[in-house]
Amino acid sequence: MMIPFSPPHIDDKIIDEVIAALRSGWITTGPRTKSFEQKLCEFCGVSRVLAVSSASAGLELMLHWFGVQPGDEVIVPAYTYTATAEVVIHCGAKPVMVDVRPDFLISVEEIKRAITPRTKVIIPVDIAGYPCDYDEIMALVNDPAVKAMFQPNNDIQRQLGRPMVMADAAHSLGACYKGKRAGVLSDITVFSFHAVKNLTTAEGGAICLNMPAPFDADALYKMLCTYSLHGQSKDALAKTQIGNWRYDVLEAGYKCNMTDIAAALGLIEIERYDSQILKRRKEIFDAYTLAFAQDERFQIPEYETAEKCTSYHVYALRLAHATEAQRDETMQSIFAQEVSVNVHFIPLPMLTAYKSRGYKIEDYPVTYDNYSREISLPVYYNLTDEQVAQVIKAVQQAAL
């Protein structure tokens, strides 16, 4: 029987909570969504979190809030999923792609070289759940020379006085950097709760608000609640109060709120995230590392240092001496042994949507090297020790 790559973690506790939400009569944004937001605040150590319909929606919402527009530039890594760059294109701005390091993370030196007066936002990506070097990135955007170069287009940008750093932390709920959890490492952090993520709400995401003074997190949260619901002054829950039907639309907003049905899944998972989910995923990571670390055919991923700890989302194993074609051949051999594997990700400059805009993979040599040798192995809560052993055996037998 085929070992799947990343099935969602659904058990009776989750099913019971979803049924309770359905029976409550309140299935859109309501008390469960607000409770989930508060649990995320407590988990990450941030004062305000807005739950949304997807990480992509969260990223785009914040770019629009910051006023990113045609003529602006947003720095992104060439090695990421398309969502990181496509939200920039949706704003009419230009994604400025930079190369990554051998650990898959965006190069701070490349960011420095890419900053121009048109740079409005930098989006570091925590590939595989491993956090970027946020102290270095924040120090860079606060450098007097960078701040002097910054050209604000609106009051929000003038108030910040520098490029905004928005972490694409789609993979990294629970990751740590210098004693702090993902969510408080940059101005804005956006998580994903898609079906394949460590914590799923089927579809969904969350925006952690960590803007510096004089920004007020409570005021920003209130505004974003409105902005994420068509710009309407009252949500559906508020309008259920007797005689409270009249509303206004304060601006042309978006529709990207999380529902209580989705939040029901998240409420169960966040309560056991540290003690069960991350614990089991770490066990699987460590088992893979023990099996592959001494085999010269493999390059194991970096996922724990004195300063960093991953969320154990993707085990990004690389073949030490392989071409892209040989990597693909190895994957086919693994599939033939009834083990599902994947690649995270095909780099942006290799995709038609970005090649047609003039991006070339030849400009990002480290990105291509990482991609061409990478094989993502199954990691999920219900993966048994016997299945882990089967994965290891399949990879060892398939590798050149």
# chains A, B, ... in the order shown; residues from 1 in each chain; ligands from 1
$ residues_around --residues "range 380-382 of chain A" --least-positions-apart "5" --cutoff "8 Å" --atoms "only C-alpha atoms" --output "list of chain:residue names"
A:Ser6, A:Pro7, A:His9, A:Asn198, A:Ile277, A:Arg280, A:Arg281
$ write_last_selection --atoms "N, CA and C atoms" --output "tab-separated table (two decimals), in the first residue's frame"
chain	number	residue	atom	x	y	z
A	6	SER	N	1.59	13.55	2.44
A	6	SER	CA	1.24	14.43	3.57
A	6	SER	C	-0.27	14.52	3.76
A	7	PRO	N	-0.90	13.45	4.23
A	7	PRO	CA	-2.35	13.50	4.47
A	7	PRO	C	-2.67	14.37	5.68
A	9	HIS	N	-4.21	15.60	9.26
A	9	HIS	CA	-4.41	14.93	10.54
A	9	HIS	C	-5.85	15.18	10.99
A	198	ASN	N	1.43	21.54	8.80
A	198	ASN	CA	1.50	20.89	10.11
A	198	ASN	C	0.18	21.00	10.86
A	277	ILE	N	2.10	17.14	17.93
A	277	ILE	CA	2.39	17.27	16.50
A	277	ILE	C	3.86	17.55	16.25
A	280	ARG	N	6.16	14.56	17.32
A	280	ARG	CA	6.21	13.44	16.40
A	280	ARG	C	6.97	13.79	15.13
A	281	ARG	N	6.77	14.98	14.62
A	281	ARG	CA	7.47	15.38	13.39
A	281	ARG	C	8.98	15.43	13.62
$ residues_around --residues "Ile270 in chain A" --least-positions-apart "2" --cutoff "9 Å" --atoms "only C-alpha atoms" --output "list in words"
Phe36, Lys39, Leu40, Phe43, Leu199, Leu265, Gly266, Leu267, Ile268, Arg272, Tyr273 and Asp274 of chain A
$ write_last_selection --atoms "N, CA and C atoms" --output "PDB file, in the first residue's frame"
ATOM      1  N   PHE A  36      -9.720  31.007  18.104  1.00  0.00           N
ATOM      2  CA  PHE A  36      -8.530  30.503  17.421  1.00  0.00           C
ATOM      3  C   PHE A  36      -7.477  31.598  17.296  1.00  0.00           C
ATOM      4  N   LYS A  39      -5.762  31.952  20.619  1.00  0.00           N
ATOM      5  CA  LYS A  39      -4.843  30.838  20.876  1.00  0.00           C
ATOM      6  C   LYS A  39      -3.536  31.016  20.098  1.00  0.00           C
ATOM      7  N   LEU A  40      -3.638  31.515  18.880  1.00  0.00           N
ATOM      8  CA  LEU A  40      -2.445  31.772  18.081  1.00  0.00           C
ATOM      9  C   LEU A  40      -1.613  32.901  18.683  1.00  0.00           C
ATOM     10  N   PHE A  43       0.248  31.349  21.518  1.00  0.00           N
ATOM     11  CA  PHE A  43       1.263  30.407  21.058  1.00  0.00           C
ATOM     12  C   PHE A  43       2.500  31.131  20.516  1.00  0.00           C
ATOM     13  N   LEU A 199      -0.391  22.188  10.847  1.00  0.00           N
ATOM     14  CA  LEU A 199      -1.705  22.447  11.436  1.00  0.00           C
ATOM     15  C   LEU A 199      -2.618  22.869  10.307  1.00  0.00           C
ATOM     16  N   LEU A 265     -11.265  23.112  13.368  1.00  0.00           N
ATOM     17  CA  LEU A 265     -10.118  22.223  13.203  1.00  0.00           C
ATOM     18  C   LEU A 265      -8.897  22.795  13.908  1.00  0.00           C
ATOM     19  N   GLY A 266      -8.663  24.092  13.696  1.00  0.00           N
ATOM     20  CA  GLY A 266      -7.495  24.738  14.270  1.00  0.00           C
ATOM     21  C   GLY A 266      -7.490  24.763  15.782  1.00  0.00           C
ATOM     22  N   LEU A 267      -8.655  24.928  16.383  1.00  0.00           N
ATOM     23  CA  LEU A 267      -8.733  24.980  17.845  1.00  0.00           C
ATOM     24  C   LEU A 267      -8.266  23.681  18.482  1.00  0.00           C
ATOM     25  N   ILE A 268      -8.613  22.558  17.879  1.00  0.00           N
ATOM     26  CA  ILE A 268      -8.164  21.271  18.422  1.00  0.00           C
ATOM     27  C   ILE A 268      -6.661  21.098  18.214  1.00  0.00           C
ATOM     28  N   ARG A 272      -2.726  20.824  20.935  1.00  0.00           N
ATOM     29  CA  ARG A 272      -1.797  19.695  21.027  1.00  0.00           C
ATOM     30  C   ARG A 272      -0.603  19.851  20.095  1.00  0.00           C
ATOM     31  N   TYR A 273      -0.425  21.055  19.596  1.00  0.00           N
ATOM     32  CA  TYR A 273       0.601  21.274  18.575  1.00  0.00           C
ATOM     33  C   TYR A 273       2.006  21.022  19.119  1.00  0.00           C
ATOM     34  N   ASP A 274       2.329  21.612  20.257  1.00  0.00           N
ATOM     35  CA  ASP A 274       3.657  21.424  20.852  1.00  0.00           C
ATOM     36  C   ASP A 274       3.860  19.996  21.352  1.00  0.00           C
TER      37      ASP A 274
END
$ select_by_dssp --residues "range 67-248 of chain A" --states "strand (DSSP E or B)" --output "ChimeraX atom specification"
/A:73-77,94-98,100,106,119-122,125,164-168,176-177,180-181,188-192,205-209,229,232
$ residues_around --residues "Thr119 in chain A" --least-positions-apart "3" --cutoff "9 Å" --atoms "only C-alpha atoms" --output "NGL selection string"
:A and (72-75 or 96 or 114-116 or 122 or 150-151 or 162-163)
$ write_last_selection --atoms "N, CA and C atoms" --output "PDB file, in the first residue's frame"
ATOM      1  N   ASP A  72       6.205  49.995  -7.870  1.00  0.00           N
ATOM      2  CA  ASP A  72       6.913  49.546  -6.669  1.00  0.00           C
ATOM      3  C   ASP A  72       7.607  48.212  -6.920  1.00  0.00           C
ATOM      4  N   GLU A  73       8.552  47.896  -6.038  1.00  0.00           N
ATOM      5  CA  GLU A  73       9.265  46.630  -6.093  1.00  0.00           C
ATOM      6  C   GLU A  73       9.149  45.910  -4.755  1.00  0.00           C
ATOM      7  N   VAL A  74       9.029  44.599  -4.825  1.00  0.00           N
ATOM      8  CA  VAL A  74       8.971  43.756  -3.633  1.00  0.00           C
ATOM      9  C   VAL A  74      10.003  42.651  -3.808  1.00  0.00           C
ATOM     10  N   ILE A  75      10.922  42.522  -2.864  1.00  0.00           N
ATOM     11  CA  ILE A  75      11.994  41.528  -2.960  1.00  0.00           C
ATOM     12  C   ILE A  75      11.503  40.188  -2.430  1.00  0.00           C
ATOM     13  N   VAL A  96      11.008  41.378  -7.309  1.00  0.00           N
ATOM     14  CA  VAL A  96      12.444  41.384  -7.560  1.00  0.00           C
ATOM     15  C   VAL A  96      13.001  40.117  -6.918  1.00  0.00           C
ATOM     16  N   ALA A 114      19.791  44.119  -3.903  1.00  0.00           N
ATOM     17  CA  ALA A 114      18.577  44.324  -4.694  1.00  0.00           C
ATOM     18  C   ALA A 114      17.755  45.531  -4.269  1.00  0.00           C
ATOM     19  N   ILE A 115      18.021  46.100  -3.107  1.00  0.00           N
ATOM     20  CA  ILE A 115      17.221  47.229  -2.618  1.00  0.00           C
ATOM     21  C   ILE A 115      17.455  48.463  -3.475  1.00  0.00           C
ATOM     22  N   THR A 116      16.359  49.100  -3.859  1.00  0.00           N
ATOM     23  CA  THR A 116      16.398  50.355  -4.612  1.00  0.00           C
ATOM     24  C   THR A 116      15.413  51.334  -3.963  1.00  0.00           C
ATOM     25  N   ILE A 122       9.959  43.560   1.679  1.00  0.00           N
ATOM     26  CA  ILE A 122      10.808  42.386   1.527  1.00  0.00           C
ATOM     27  C   ILE A 122      10.041  41.202   2.107  1.00  0.00           C
ATOM     28  N   PHE A 150      14.578  55.067   0.986  1.00  0.00           N
ATOM     29  CA  PHE A 150      13.160  54.703   0.918  1.00  0.00           C
ATOM     30  C   PHE A 150      12.315  55.889   0.479  1.00  0.00           C
ATOM     31  N   GLN A 151      11.409  55.651  -0.472  1.00  0.00           N
ATOM     32  CA  GLN A 151      10.533  56.702  -0.989  1.00  0.00           C
ATOM     33  C   GLN A 151       9.075  56.334  -0.730  1.00  0.00           C
ATOM     34  N   ARG A 162      10.610  52.970   6.107  1.00  0.00           N
ATOM     35  CA  ARG A 162      11.554  51.982   5.562  1.00  0.00           C
ATOM     36  C   ARG A 162      10.751  50.871   4.899  1.00  0.00           C
ATOM     37  N   PRO A 163      11.416  49.967   4.155  1.00  0.00           N
ATOM     38  CA  PRO A 163      10.674  48.824   3.616  1.00  0.00           C
ATOM     39  C   PRO A 163      10.096  47.956   4.730  1.00  0.00           C
TER      40      PRO A 163
END
$ residues_around --residues "Asp260 in chain A" --least-positions-apart "5" --cutoff "9 Å" --atoms "only C-alpha atoms" --output "PyMOL selection string"
chain A and resi 18+21-22+26-34+265
$ closest_residue --among "A:Val379, A:Tyr364, A:Val49, A:Ala219" --to "Glu37 in chain A" --atoms "only C-alpha atoms"
A:Val49
$ residues_around --residues "Ala389 in chain A" --least-positions-apart "6" --cutoff "12 Å" --atoms "only C-alpha atoms" --output "ChimeraX atom specification"
/A:3,284,287-288,290-292,339,377-378,383,395-396
$ residues_around --residues "range 175-183 of chain A" --least-positions-apart "6" --cutoff "12 Å" --atoms "only C-alpha atoms" --output "VMD selection string"
chain A and resid 40 to 50 125 to 136 166 to 169 189 to 191 198 206 to 211 273 to 274 278 282 303 to 313
$ write_last_selection --atoms "C-alpha atoms" --output "short mmCIF file (atom, residue, chain, number, x, y, z; two decimals), in the first residue's frame"
data_model
loop_
_atom_site.label_atom_id
_atom_site.label_comp_id
_atom_site.auth_asym_id
_atom_site.auth_seq_id
_atom_site.Cartn_x
_atom_site.Cartn_y
_atom_site.Cartn_z
CA LEU A 40 -2.45 31.77 18.08
CA CYS A 41 -1.56 35.01 19.89
CA GLU A 42 -0.68 33.04 23.00
CA PHE A 43 1.26 30.41 21.06
CA CYS A 44 3.37 32.87 19.07
CA GLY A 45 3.72 35.58 21.72
CA VAL A 46 2.19 38.28 19.53
CA SER A 47 -0.48 40.76 20.58
CA ARG A 48 -2.84 40.44 17.60
CA VAL A 49 -3.58 37.78 14.96
CA LEU A 50 -6.17 37.95 12.17
CA VAL A 125 10.34 32.75 3.09
CA ASP A 126 10.87 30.13 5.81
CA ILE A 127 11.37 27.24 3.41
CA ALA A 128 10.50 23.85 4.94
CA GLY A 129 9.73 25.58 8.25
CA TYR A 130 13.30 26.79 8.86
CA PRO A 131 13.36 30.48 9.86
CA CYS A 132 15.34 33.08 7.95
CA ASP A 133 17.97 35.32 9.55
CA TYR A 134 15.51 37.92 10.74
CA ASP A 135 17.85 39.95 12.93
CA GLU A 136 20.09 40.54 9.93
CA MET A 166 6.63 40.50 5.81
CA ALA A 167 7.57 36.90 6.54
CA ASP A 168 6.03 34.23 4.34
CA ALA A 169 5.90 31.73 7.20
CA THR A 189 4.12 37.23 9.60
CA VAL A 190 1.69 35.15 7.56
CA PHE A 191 1.01 31.47 8.29
CA ASN A 198 1.50 20.89 10.11
CA ALA A 206 -3.32 33.89 9.77
CA ILE A 207 -1.65 37.30 9.88
CA CYS A 208 0.49 38.13 12.93
CA LEU A 209 0.72 41.88 13.55
CA ASN A 210 4.05 43.01 14.97
CA MET A 211 4.51 46.50 13.54
CA TYR A 273 0.60 21.27 18.58
CA ASP A 274 3.66 21.42 20.85
CA LEU A 278 5.80 18.93 16.64
CA LYS A 282 10.82 15.90 15.12
CA TYR A 303 17.00 22.15 10.70
CA GLU A 304 18.41 22.81 14.17
CA THR A 305 21.25 25.06 15.34
CA ALA A 306 22.06 26.93 18.55
CA GLU A 307 19.91 29.82 17.26
CA LYS A 308 17.25 28.14 15.12
CA CYS A 309 14.73 25.33 15.26
CA THR A 310 12.49 24.32 12.40
CA SER A 311 8.79 23.52 12.55
CA TYR A 312 9.66 20.13 11.02
CA HIS A 313 7.42 20.77 8.04
#
$ residues_around --residues "Gln159 in chain A" --least-positions-apart "2" --cutoff "12 Å" --atoms "only C-alpha atoms" --output "list in words"
Phe66, Lys147, Phe150, Gln151, Pro152, Asn153, Asn154, Asp155, Ile156, Gln157, Gly161, Arg162, Pro163, Met164, Met211, Pro212, Ala213, Pro214, Phe215 and Asp216 of chain A
$ closest_atom_pairs --of "range 139-257 of chain A" --to "range 11-15 of chain A" --cutoff "12 Å" --atoms "only C-alpha atoms" --output "Markdown table"
| residue | atom | partner | partner_atom | distance |
| --- | --- | --- | --- | --- |
| A:Leu199 | CA | A:Ile14 | CA | 11.7 |
| A:Thr200 | CA | A:Ile14 | CA | 10.7 |
| A:Thr201 | CA | A:Ile14 | CA | 10.0 |
| A:Ala202 | CA | A:Ile14 | CA | 11.6 |
$ write_last_selection --atoms "C-alpha atoms" --output "PDB file, in the first residue's frame"
ATOM      1  CA  LEU A 199      -1.705  22.447  11.436  1.00  0.00           C
ATOM      2  CA  THR A 200      -4.599  22.482   9.009  1.00  0.00           C
ATOM      3  CA  THR A 201      -7.952  24.201   8.884  1.00  0.00           C
ATOM      4  CA  ALA A 202      -8.545  22.653   5.414  1.00  0.00           C
TER       5      ALA A 202
END
$ select_by_dssp --residues "range 110-152 of chain A" --states "alpha helix (DSSP H)" --output "list in words"
Glu110, Ile111, Lys112, Arg113, Ala114, Tyr134, Asp135, Glu136, Ile137, Met138, Ala139, Leu140, Val141, Pro144, Ala145, Val146, Lys147, Ala148 and Met149 of chain A
